[in-house]
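Visitor: work14.txt is reproduced in full below (compact mmCIF, C-alpha atoms).
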# COMPACT_ATOMS: atom_id res chain seq x y z
CA MET A 1 15.04 1.73 -4.27
CA SER A 2 15.97 5.20 -2.94
CA ASN A 3 16.77 5.80 0.73
CA GLN A 4 14.34 8.72 0.72
CA LEU A 5 10.69 9.32 -0.09
CA TYR A 6 10.07 12.26 -2.41
CA ASN A 7 6.50 11.77 -3.68
CA ILE A 8 3.58 9.96 -2.02
CA MET A 9 0.34 9.40 -3.89
CA VAL A 10 -3.07 9.03 -2.24
CA PRO A 11 -5.89 7.88 -4.56
CA VAL A 12 -8.97 9.89 -3.53
CA ASP A 13 -12.57 8.87 -4.17
CA PHE A 14 -14.08 11.21 -1.53
CA SER A 15 -15.22 8.32 0.68
CA GLY A 16 -14.66 7.97 4.41
CA LYS A 17 -11.69 5.64 4.06
CA ASN A 18 -9.64 8.40 2.39
CA LYS A 19 -8.97 10.07 5.74
CA TRP A 20 -7.05 7.02 7.02
CA ALA A 21 -4.77 7.12 3.98
CA ILE A 22 -4.34 10.89 4.09
CA GLY A 23 -3.56 10.81 7.81
CA LYS A 24 -0.79 8.25 7.30
CA ALA A 25 0.51 10.06 4.19
CA MET A 26 0.70 13.32 6.15
CA GLU A 27 2.69 11.60 8.89
CA LEU A 28 5.17 10.18 6.38
CA ALA A 29 5.41 13.46 4.46
CA ASN A 30 6.25 15.34 7.65
CA THR A 31 8.87 12.72 8.54
CA PHE A 32 10.56 12.68 5.12
CA HIS A 33 9.71 16.26 4.04
CA CYS A 34 8.22 14.99 0.80
CA ASN A 35 5.26 15.86 -1.42
CA ILE A 36 1.76 14.37 -1.30
CA HIS A 37 -0.29 13.90 -4.47
CA PHE A 38 -4.07 13.68 -4.09
CA VAL A 39 -5.28 11.97 -7.29
CA HIS A 40 -8.92 11.45 -8.23
CA ILE A 41 -9.89 9.26 -11.18
CA HIS A 42 -13.22 10.32 -12.66
CA HIS A 43 -14.78 7.19 -14.10
CA LYS A 44 -18.39 6.28 -14.87
CA PRO A 45 -18.51 2.50 -15.31
CA VAL A 46 -21.11 1.11 -17.66
CA ILE A 47 -22.82 -2.10 -16.47
CA PRO A 48 -22.56 -4.77 -19.19
CA PHE A 49 -25.70 -5.95 -20.98
CA ILE A 50 -27.77 -2.97 -19.80
CA PRO A 51 -28.66 -0.48 -22.60
CA VAL A 52 -27.39 3.01 -21.89
CA ASP A 53 -28.85 6.20 -23.32
CA LYS A 54 -25.82 7.84 -24.96
CA THR A 55 -27.28 11.26 -24.29
CA GLU A 56 -26.91 10.54 -20.57
CA PHE A 57 -23.18 11.28 -20.63
CA THR A 58 -22.73 14.52 -22.52
CA PRO A 59 -19.44 16.44 -22.88
CA TYR A 60 -20.96 19.22 -20.80
CA GLU A 61 -21.87 16.85 -17.99
CA SER A 62 -18.39 15.35 -18.04
CA THR A 63 -16.78 18.79 -17.86
CA ALA A 64 -19.08 19.82 -15.03
CA ASP A 65 -18.28 16.64 -13.10
CA LEU A 66 -14.54 17.17 -13.55
CA HIS A 67 -14.88 20.76 -12.36
CA GLU A 68 -16.80 19.62 -9.27
CA CYS A 69 -14.17 16.98 -8.49
CA ARG A 70 -11.46 19.60 -8.83
CA LYS A 71 -13.27 21.84 -6.34
CA LYS A 72 -13.50 18.96 -3.85
CA LEU A 73 -9.77 18.25 -4.20
CA GLU A 74 -8.93 21.91 -3.72
CA ALA A 75 -11.02 21.95 -0.53
CA LEU A 76 -9.25 18.79 0.64
CA LYS A 77 -5.86 20.34 -0.08
CA SER A 78 -6.82 23.50 1.80
CA SER A 79 -7.96 21.54 4.87
CA TYR A 80 -4.68 19.60 5.13
CA SER A 81 -2.12 22.17 3.97
CA ASN A 82 -1.64 23.64 7.44
CA GLN A 83 -0.73 20.17 8.78
CA LEU A 84 2.17 19.75 6.36
CA CYS A 85 5.56 20.72 7.76
CA GLY A 86 8.93 21.23 6.13
CA ASP A 87 9.51 21.60 2.40
CA GLY A 88 6.80 19.24 1.20
CA LYS A 89 3.69 20.39 -0.62
CA ILE A 90 0.33 19.00 -1.69
CA GLU A 91 -0.40 18.47 -5.39
CA ILE A 92 -3.87 17.69 -6.73
CA SER A 93 -4.93 16.08 -10.01
CA VAL A 94 -8.21 14.95 -11.58
CA LEU A 95 -7.85 12.36 -14.33
CA GLN A 96 -10.53 10.92 -16.58
CA GLY A 97 -10.49 7.20 -17.34
CA THR A 98 -10.26 3.94 -15.42
CA PRO A 99 -8.22 3.62 -12.20
CA ARG A 100 -6.59 0.49 -13.63
CA LYS A 101 -5.08 2.54 -16.47
CA MET A 102 -4.71 6.04 -15.04
CA LEU A 103 -3.14 5.30 -11.64
CA PRO A 104 -0.11 3.43 -13.09
CA MET A 105 0.28 6.16 -15.71
CA TYR A 106 0.37 8.89 -13.06
CA ILE A 107 2.74 6.89 -10.83
CA LYS A 108 5.24 6.47 -13.65
CA GLN A 109 4.91 9.95 -15.12
CA TYR A 110 5.40 11.79 -11.83
CA GLU A 111 7.78 9.27 -10.26
CA MET A 112 5.85 8.27 -7.15
CA ASP A 113 7.81 6.48 -4.41
CA LEU A 114 4.84 5.18 -2.41
CA VAL A 115 1.07 4.82 -2.74
CA VAL A 116 -1.07 5.04 0.41
CA THR A 117 -4.61 3.73 0.16
CA GLY A 118 -7.38 3.54 2.75
CA LEU A 119 -9.36 0.38 3.41
CA SER A 120 -13.10 0.41 4.01
CA LYS A 121 -14.50 -1.24 7.11
CA PHE A 122 -17.58 -3.10 5.93
CA ASN A 123 -18.00 -2.91 2.15
CA LEU A 124 -17.29 -6.52 1.17
CA LEU A 125 -17.43 -5.93 -2.59
CA HIS A 126 -15.02 -3.03 -2.36
CA ARG A 127 -12.61 -5.10 -0.29
CA ILE A 128 -12.64 -7.89 -2.89
CA ILE A 129 -12.04 -5.51 -5.77
CA SER A 130 -9.41 -3.51 -3.92
CA SER A 131 -7.49 -6.58 -2.83
CA VAL A 132 -6.99 -7.40 -6.48
CA SER A 133 -6.12 -3.82 -7.44
CA ILE A 134 -3.44 -3.51 -4.76
CA SER A 135 -1.69 -6.57 -6.09
CA ARG A 136 -2.10 -5.42 -9.70
CA LEU A 137 -0.87 -1.92 -8.97
CA VAL A 138 2.23 -3.23 -7.22
CA ARG A 139 3.04 -5.61 -10.05
CA LYS A 140 2.39 -3.06 -12.80
CA THR A 141 4.33 -0.16 -11.29
CA ASN A 142 6.86 -1.85 -8.98
CA ILE A 143 5.95 0.82 -6.40
CA PRO A 144 5.08 -0.11 -2.78
CA VAL A 145 1.43 0.24 -1.73
CA LEU A 146 0.67 0.94 1.93
CA ALA A 147 -2.85 -0.12 2.94
CA VAL A 148 -4.31 1.54 6.06
CA ARG A 149 -7.63 1.28 7.83
CA SER A 150 -9.01 3.30 10.75
CA SER A 151 -7.12 1.26 13.34
CA GLY A 152 -3.81 1.95 11.56
CA LEU A 153 -3.47 5.62 12.46
CA ILE A 154 -0.53 5.14 14.81
CA SER A 155 1.95 8.00 14.61
CA HIS A 156 5.01 5.79 14.29
CA PHE A 157 6.38 2.54 12.90
CA LYS A 158 8.21 1.29 15.99
CA LYS A 159 7.75 -2.43 15.28
CA ILE A 160 8.13 -3.57 11.67
CA VAL A 161 7.44 -7.22 10.81
CA LEU A 162 9.14 -8.61 7.70
CA PRO A 163 8.06 -12.20 6.86
CA LEU A 164 10.49 -14.24 4.73
CA TYR A 165 9.53 -16.91 2.24
CA ASN A 166 12.13 -18.33 -0.15
CA ASP A 167 14.53 -15.49 -0.89
CA ILE A 168 16.20 -12.42 0.60
CA PRO A 169 13.77 -9.52 -0.10
CA LEU A 170 16.28 -6.75 -0.85
CA ARG A 171 13.70 -4.09 -1.72
CA SER A 172 11.75 -4.74 1.48
CA ILE A 173 14.98 -4.67 3.46
CA LYS A 174 15.86 -1.25 2.06
CA MET A 175 12.38 0.06 2.81
CA ALA A 176 12.42 -1.40 6.34
CA THR A 177 15.84 0.07 7.14
CA MET A 178 14.85 3.47 5.74
CA LEU A 179 11.70 3.57 7.89
CA GLY A 180 13.58 2.08 10.83
CA ARG A 181 16.19 4.84 10.87
CA HIS A 182 13.57 7.58 10.85
CA PHE A 183 11.19 6.00 13.36
CA LYS A 184 13.84 4.29 15.54
CA SER A 185 12.18 0.96 14.83
CA THR A 186 12.89 -2.68 15.59
CA VAL A 187 12.61 -5.02 12.60
CA TYR A 188 11.30 -8.54 13.23
CA LEU A 189 12.34 -11.13 10.63
CA VAL A 190 9.89 -14.03 10.76
CA SER A 191 9.59 -17.34 8.93
CA LEU A 192 7.79 -20.66 9.38
CA ARG A 193 9.66 -23.23 11.44
CA GLN A 194 8.47 -26.08 9.20
CA ASN A 195 10.52 -24.72 6.31
CA GLU A 196 13.89 -25.31 8.02
CA PRO A 197 16.78 -25.74 7.24
CA GLY A 198 16.59 -23.57 4.12
CA GLN A 199 14.72 -20.82 5.97
CA ALA A 200 17.41 -20.70 8.65
CA ASN A 201 19.91 -19.65 6.00
CA ILE A 202 17.53 -17.03 4.59
CA LEU A 203 16.91 -15.64 8.08
CA SER A 204 20.60 -15.41 8.93
CA ASN A 205 21.55 -13.97 5.54
CA THR A 206 18.77 -11.38 5.68
CA LEU A 207 19.89 -10.43 9.19
CA GLU A 208 23.44 -9.90 7.90
CA VAL A 209 22.21 -7.71 5.06
CA ILE A 210 20.18 -5.47 7.39
CA GLN A 211 23.08 -5.17 9.83
CA SER A 212 25.38 -4.18 6.97
CA LEU A 213 22.99 -1.37 6.00
CA SER A 214 21.92 -0.03 9.38
CA THR A 215 22.37 -0.22 13.14
CA ILE A 216 18.62 -0.53 13.82
CA PRO A 217 17.67 -3.44 16.16
CA VAL A 218 16.73 -6.69 14.40
CA GLN A 219 15.25 -9.92 15.76
CA SER A 220 14.94 -13.27 13.93
CA ILE A 221 12.01 -15.48 14.92
CA PHE A 222 10.64 -18.82 13.71
CA LEU A 223 6.84 -19.05 13.74
CA GLU A 224 4.65 -22.11 14.19
CA GLY A 225 1.95 -22.94 11.68
CA LYS A 226 1.46 -23.91 8.05
CA ASN A 227 0.40 -20.60 6.47
CA LEU A 228 2.93 -17.77 6.46
CA ALA A 229 0.32 -15.00 6.16
CA LYS A 230 -1.79 -16.31 9.05
CA SER A 231 1.21 -16.94 11.34
CA THR A 232 2.66 -13.51 10.50
CA LEU A 233 -0.63 -11.81 11.32
CA GLU A 234 -1.00 -13.66 14.64
CA PHE A 235 2.58 -12.80 15.63
CA SER A 236 2.13 -9.15 14.61
CA LYS A 237 -0.97 -8.83 16.77
CA LYS A 238 0.81 -10.48 19.70
CA ILE A 239 3.67 -7.95 19.72
CA ASN A 240 1.43 -4.98 18.78
CA ALA A 241 3.31 -4.41 15.53
CA ASP A 242 2.89 -1.12 13.66
CA LEU A 243 3.68 -2.32 10.13
CA ILE A 244 3.86 -5.55 8.11
CA MET A 245 5.76 -5.80 4.82
CA VAL A 246 4.73 -8.46 2.28
CA ASN A 247 5.13 -9.57 -1.33
CA PRO A 248 2.04 -10.01 -3.58
CA VAL A 249 2.58 -13.75 -4.07
CA LYS A 250 0.26 -16.55 -2.94
CA GLU A 251 2.32 -17.29 0.18
CA PHE A 252 1.19 -13.93 1.58
CA ARG A 253 -2.50 -14.65 1.15
CA LEU A 254 -4.64 -15.82 4.03
CA PRO A 255 -5.87 -19.44 4.13
CA GLY A 256 -9.43 -20.55 3.44
CA LEU A 257 -11.60 -21.11 0.37
CA TRP A 258 -13.14 -17.63 0.42
CA ASN A 259 -9.74 -15.95 0.67
CA ARG A 260 -8.45 -18.01 -2.26
CA LEU A 261 -11.52 -17.22 -4.37
CA THR A 262 -11.21 -13.48 -3.70
CA ASN A 263 -7.42 -13.43 -3.99
CA LYS A 264 -7.35 -11.91 -0.52
CA LEU A 265 -4.03 -10.30 0.35
CA LEU A 266 -2.81 -10.21 3.95
CA SER A 267 -3.49 -6.46 3.95
CA TYR A 268 -7.25 -7.12 3.88
CA GLY A 269 -7.21 -9.38 6.91
CA SER A 270 -5.04 -7.05 8.96
CA THR A 271 -5.95 -4.16 11.22
CA ILE A 272 -2.22 -3.34 11.17
CA PRO A 273 -0.96 -1.28 8.18
CA VAL A 274 0.57 -3.46 5.47
CA ILE A 275 3.05 -2.48 2.76
CA THR A 276 2.85 -4.68 -0.32
CA MET A 277 5.86 -4.52 -2.61
CA GLU A 278 7.21 -6.45 -5.57
CA GLN A 279 10.67 -7.95 -5.18
CA LYS A 280 11.40 -8.53 -8.87
CA PRO A 281 11.66 -5.98 -11.71
CA THR A 282 8.39 -5.17 -13.41
CA ASP A 283 7.70 -6.80 -16.78
CA PRO A 284 6.87 -3.90 -19.15
CA SER A 285 4.58 -6.18 -21.17
CA ASN A 286 2.18 -6.66 -18.22
Using the file provided, produce a representation of the structure as C-alpha cells.
Guide:
Amino acid sequence: MSNQLYNIMVPVDFSGKNKWAIGKAMELANTFHCNIHFVHIHHKPVIPFIPVDKTEFTPYESTADLHECRKKLEALKSSYSNQLCGDGKIEISVLQGTPRKMLPMYIKQYEMDLVVTGLSKFNLLHRIISSVSISRLVRKTNIPVLAVRSSGLISHFKKIVLPLYNDIPLRSIKMATMLGRHFKSTVYLVSLRQNEPGQANILSNTLEVIQSLSTIPVQSIFLEGKNLAKSTLEFSKKINADLIMVNPVKEFRLPGLWNRLTNKLLSYGSTIPVITMEQKPTDPSN
C-alpha cells in the first residue's frame, strides 16, 4: 500500500447520506492534496417474478435518465469545488449497470486508493444490503472502504483504534501510520485478554512494526470480553476515538443472532467512522 492517497472515490446515489461521505472525502483530499471521484451508478432493478412491460425502459428514457444524473453530478461538483484546496480536483462519472459490477471496475480502471461511503440513519434494509456490499467491495478490489455516518464528521483522526485478531495486519498498520503522521494521531492497538498468550506476542510485534515505520504515539491495550468487535466498539466510545480499522472477517462482526443473519460488520454498529480493509491479496477469480 502507498504512503499517499491519490484518488478517493465517493459512490453517489443523491441521497442524504452522501453528504457525510463527501464531507469526509473533502477533508482527506485537502489533507493529502488528492483527487475525489464522484461516481453514480444508474441502475433500474427489476423485481423477480413480476412481469415488466419492456416498453417501459426505452433507449430514449435511459439516455434521458443518464443525462439528468450527469447534470446532478455537475451541480454537486460545482457546489464542492470551492472547498477543495491544493492540487486535487473533482472528477465525475455516470455509469450504467449494477453497483456490484461497475464499482469494482471503476476502482481498478482508475486506480482508486480509498472508497468513502455514507451510512443511512434509519433505513434498515439499506443497512443490511450495504453491510454486505462493503465487505464484498473490499474483498473484490482489495481497496479500503471508509464508512461514515452523520456523527462521523470530525475534522481529524486524532485517535485511531486498531483491533488485532490472529496476525499482524501490515496493510492496516501502513494506513494507520500514514493517517497518523498527517493528523498527529495516537494509535491504540487492542486485543482480547482471553486470547493470551498468543495475542501478547501479536501486540508486541505489531507495536515494534509501527515504531519501525513512524514516531507516532502507540498504546497497547488488552480488552475484556468475548467478542472482539463489541469490546473494540465499547473501548472506542470510552476514549472518544475518531477512527476504527477492521478486517472483513467474522471476528469483526457484532454478536447476536440478527447481526449474524445480516452479516453485520462493525461499521454498521458504530457511530465512529470505520475503515474496512482486506489483509490478504485479492483472489482474481472472486
Visitor: Out of A:His42, A:Lys89, A:Lys159, A:His182, which residue has the shortest atom-to-atom distance to Ala241 (chain A) when counting only C-alpha atoms?
Guide: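 Among the listed residues, the smallest separation from Ala241 (chain A) belongs to A:Lys159.
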Visitor: Have a look at A:Asn18, A:Asn30, A:Ser212, A:Asn247 and name the one nearest to Tyr6 (chain A); count all atoms listed in the file.
Guide: A:Asn30
Visitor: Could you jot down the CA of Arg149 (chain A) to CA of Ser78 (chain A) separation for me, Å, one decimal place?
Guide: 23.0 Å
Visitor: To one decimal in Å, tell me the separation between CA of Lys230 (chain A) and CA of Leu266 (chain A).
Guide: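 For CA of Lys230 (chain A) relative to CA of Leu266 (chain A), the distance reads 8.0 Å.
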Visitor: Between CA of Ala29 (chain A) and CA of Phe183 (chain A), what distance in Å does the model show, to one decimal?
Guide: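 We find that CA of Ala29 (chain A) and CA of Phe183 (chain A) lie 13.0 Å from each other.
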Visitor: Could you pull out every residue with an atom within 7 Å of (-12.3, 2.4, 1.5), file coordinates, counting all atoms listed in the file, and send them as a list in words?
Guide: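 Those residues lying close to the given coordinates are Ser15, Gly16, Lys17, Asn18, Gly118, Leu119 and Ser120 of chain A.
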Visitor: From the set A:Val274, A:Ile244, A:Met102, A:Ala200, which residue has the shortest atom-to-atom contact distance to Asp167 (chain A), counting only C-alpha atoms?
Guide: A:Ala200
Visitor: Find, counting only C-alpha atoms, the residue in A:Thr117, A:Thr232, A:Asn3, A:Asn240 that gets nearest to Ile22 (chain A).
Guide: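 Closest to Ile22 (chain A), using only C-alpha atoms: A:Thr117.
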Visitor: For Lys140 (chain A), which residue among A:Ala21, A:Ile202, A:Met277, A:Ser214 is the nearest when counting only C-alpha atoms?
Guide: A:Met277
Visitor: Need to verify the contact set: Asn205 (chain A), 12 Å, only C-alpha atoms, exclusion of same-chain residues closer than 6 positions in sequence. Can you return it as a PyMOL selection string?
Guide: chain A and resi 164+166-170+173+189+198-199+211-212+220
Visitor: From the set A:Lys77, A:Ser150, A:Ile41, A:Ser135, which residue has the shortest atom-to-atom contact distance to Met105 (chain A), counting all atoms listed in the file?
Guide: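 Of A:Lys77, A:Ser150, A:Ile41, A:Ser135, the one nearest Met105 (chain A) is A:Ile41, counting all atoms listed in the file.
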Visitor: Can you tell me which residues surround Val94 (chain A) at a distance of at most 9 Å, considering all atoms listed in the file, apart from same-chain residues fewer than 6 positions away, and format the answer as a list in words?
Guide: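 My list of contacting residues is Phe38, Val39, His40, Ile41, His42, Leu66, His67, Cys69, Arg70 and Leu73 of chain A.
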Visitor: Start from the incomplete input, build N, CA and C atoms for region 173-197 of chain A, and deliver everything as a PDB file, keeping the file's coordinate frame.
Guide:
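Generated output (result_1.pdb):
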ATOM      1  N   ILE A 173      13.927  -4.975   2.481  1.00  0.00           N
ATOM      2  CA  ILE A 173      14.980  -4.670   3.460  1.00  0.00           C
ATOM      3  C   ILE A 173      15.341  -3.193   3.412  1.00  0.00           C
ATOM      4  N   LYS A 174      15.509  -2.667   2.202  1.00  0.00           N
ATOM      5  CA  LYS A 174      15.860  -1.250   2.060  1.00  0.00           C
ATOM      6  C   LYS A 174      14.752  -0.339   2.601  1.00  0.00           C
ATOM      7  N   MET A 175      13.507  -0.718   2.301  1.00  0.00           N
ATOM      8  CA  MET A 175      12.380   0.060   2.810  1.00  0.00           C
ATOM      9  C   MET A 175      12.310  -0.018   4.336  1.00  0.00           C
ATOM     10  N   ALA A 176      12.488  -1.214   4.884  1.00  0.00           N
ATOM     11  CA  ALA A 176      12.420  -1.400   6.340  1.00  0.00           C
ATOM     12  C   ALA A 176      13.521  -0.620   7.047  1.00  0.00           C
ATOM     13  N   THR A 177      14.738  -0.654   6.501  1.00  0.00           N
ATOM     14  CA  THR A 177      15.840   0.070   7.140  1.00  0.00           C
ATOM     15  C   THR A 177      15.658   1.572   7.024  1.00  0.00           C
ATOM     16  N   MET A 178      15.119   2.037   5.901  1.00  0.00           N
ATOM     17  CA  MET A 178      14.850   3.470   5.740  1.00  0.00           C
ATOM     18  C   MET A 178      13.834   3.938   6.769  1.00  0.00           C
ATOM     19  N   LEU A 179      12.718   3.203   6.897  1.00  0.00           N
ATOM     20  CA  LEU A 179      11.700   3.570   7.890  1.00  0.00           C
ATOM     21  C   LEU A 179      12.249   3.405   9.300  1.00  0.00           C
ATOM     22  N   GLY A 180      13.032   2.349   9.499  1.00  0.00           N
ATOM     23  CA  GLY A 180      13.580   2.080  10.830  1.00  0.00           C
ATOM     24  C   GLY A 180      14.485   3.178  11.335  1.00  0.00           C
ATOM     25  N   ARG A 181      15.297   3.746  10.447  1.00  0.00           N
ATOM     26  CA  ARG A 181      16.190   4.840  10.870  1.00  0.00           C
ATOM     27  C   ARG A 181      15.401   6.067  11.298  1.00  0.00           C
ATOM     28  N   HIS A 182      14.339   6.376  10.553  1.00  0.00           N
ATOM     29  CA  HIS A 182      13.570   7.580  10.850  1.00  0.00           C
ATOM     30  C   HIS A 182      12.670   7.424  12.064  1.00  0.00           C
ATOM     31  N   PHE A 183      12.125   6.218  12.268  1.00  0.00           N
ATOM     32  CA  PHE A 183      11.190   6.000  13.360  1.00  0.00           C
ATOM     33  C   PHE A 183      11.811   5.279  14.556  1.00  0.00           C
ATOM     34  N   LYS A 184      13.143   5.006  14.462  1.00  0.00           N
ATOM     35  CA  LYS A 184      13.840   4.290  15.540  1.00  0.00           C
ATOM     36  C   LYS A 184      13.134   2.954  15.822  1.00  0.00           C
ATOM     37  N   SER A 185      12.969   2.178  14.772  1.00  0.00           N
ATOM     38  CA  SER A 185      12.180   0.960  14.830  1.00  0.00           C
ATOM     39  C   SER A 185      13.033  -0.265  15.170  1.00  0.00           C
ATOM     40  N   THR A 186      12.321  -1.331  15.528  1.00  0.00           N
ATOM     41  CA  THR A 186      12.890  -2.680  15.590  1.00  0.00           C
ATOM     42  C   THR A 186      12.265  -3.478  14.460  1.00  0.00           C
ATOM     43  N   VAL A 187      13.101  -4.185  13.692  1.00  0.00           N
ATOM     44  CA  VAL A 187      12.610  -5.020  12.600  1.00  0.00           C
ATOM     45  C   VAL A 187      12.590  -6.473  13.066  1.00  0.00           C
ATOM     46  N   TYR A 188      11.454  -7.136  12.862  1.00  0.00           N
ATOM     47  CA  TYR A 188      11.300  -8.540  13.230  1.00  0.00           C
ATOM     48  C   TYR A 188      11.267  -9.379  11.954  1.00  0.00           C
ATOM     49  N   LEU A 189      12.297 -10.202  11.752  1.00  0.00           N
ATOM     50  CA  LEU A 189      12.340 -11.130  10.630  1.00  0.00           C
ATOM     51  C   LEU A 189      11.670 -12.422  11.062  1.00  0.00           C
ATOM     52  N   VAL A 190      10.617 -12.833  10.354  1.00  0.00           N
ATOM     53  CA  VAL A 190       9.890 -14.030  10.760  1.00  0.00           C
ATOM     54  C   VAL A 190       9.771 -15.008   9.594  1.00  0.00           C
ATOM     55  N   SER A 191       9.748 -16.292   9.926  1.00  0.00           N
ATOM     56  CA  SER A 191       9.590 -17.340   8.930  1.00  0.00           C
ATOM     57  C   SER A 191       8.970 -18.559   9.609  1.00  0.00           C
ATOM     58  N   LEU A 192       8.415 -19.462   8.821  1.00  0.00           N
ATOM     59  CA  LEU A 192       7.790 -20.660   9.380  1.00  0.00           C
ATOM     60  C   LEU A 192       8.862 -21.681   9.764  1.00  0.00           C
ATOM     61  N   ARG A 193       8.707 -22.244  10.955  1.00  0.00           N
ATOM     62  CA  ARG A 193       9.660 -23.230  11.440  1.00  0.00           C
ATOM     63  C   ARG A 193       9.699 -24.476  10.544  1.00  0.00           C
ATOM     64  N   GLN A 194       8.557 -24.847   9.974  1.00  0.00           N
ATOM     65  CA  GLN A 194       8.470 -26.080   9.200  1.00  0.00           C
ATOM     66  C   GLN A 194       9.323 -26.039   7.930  1.00  0.00           C
ATOM     67  N   ASN A 195       9.739 -24.842   7.534  1.00  0.00           N
ATOM     68  CA  ASN A 195      10.520 -24.720   6.310  1.00  0.00           C
ATOM     69  C   ASN A 195      12.026 -24.820   6.542  1.00  0.00           C
ATOM     70  N   GLU A 196      12.467 -25.109   7.774  1.00  0.00           N
ATOM     71  CA  GLU A 196      13.890 -25.310   8.020  1.00  0.00           C
ATOM     72  C   GLU A 196      14.385 -26.535   7.215  1.00  0.00           C
ATOM     73  N   PRO A 197      15.719 -26.655   6.849  1.00  0.00           N
ATOM     74  CA  PRO A 197      16.780 -25.740   7.240  1.00  0.00           C
ATOM     75  C   PRO A 197      16.993 -24.567   6.284  1.00  0.00           C
TER      76      PRO A 197
END
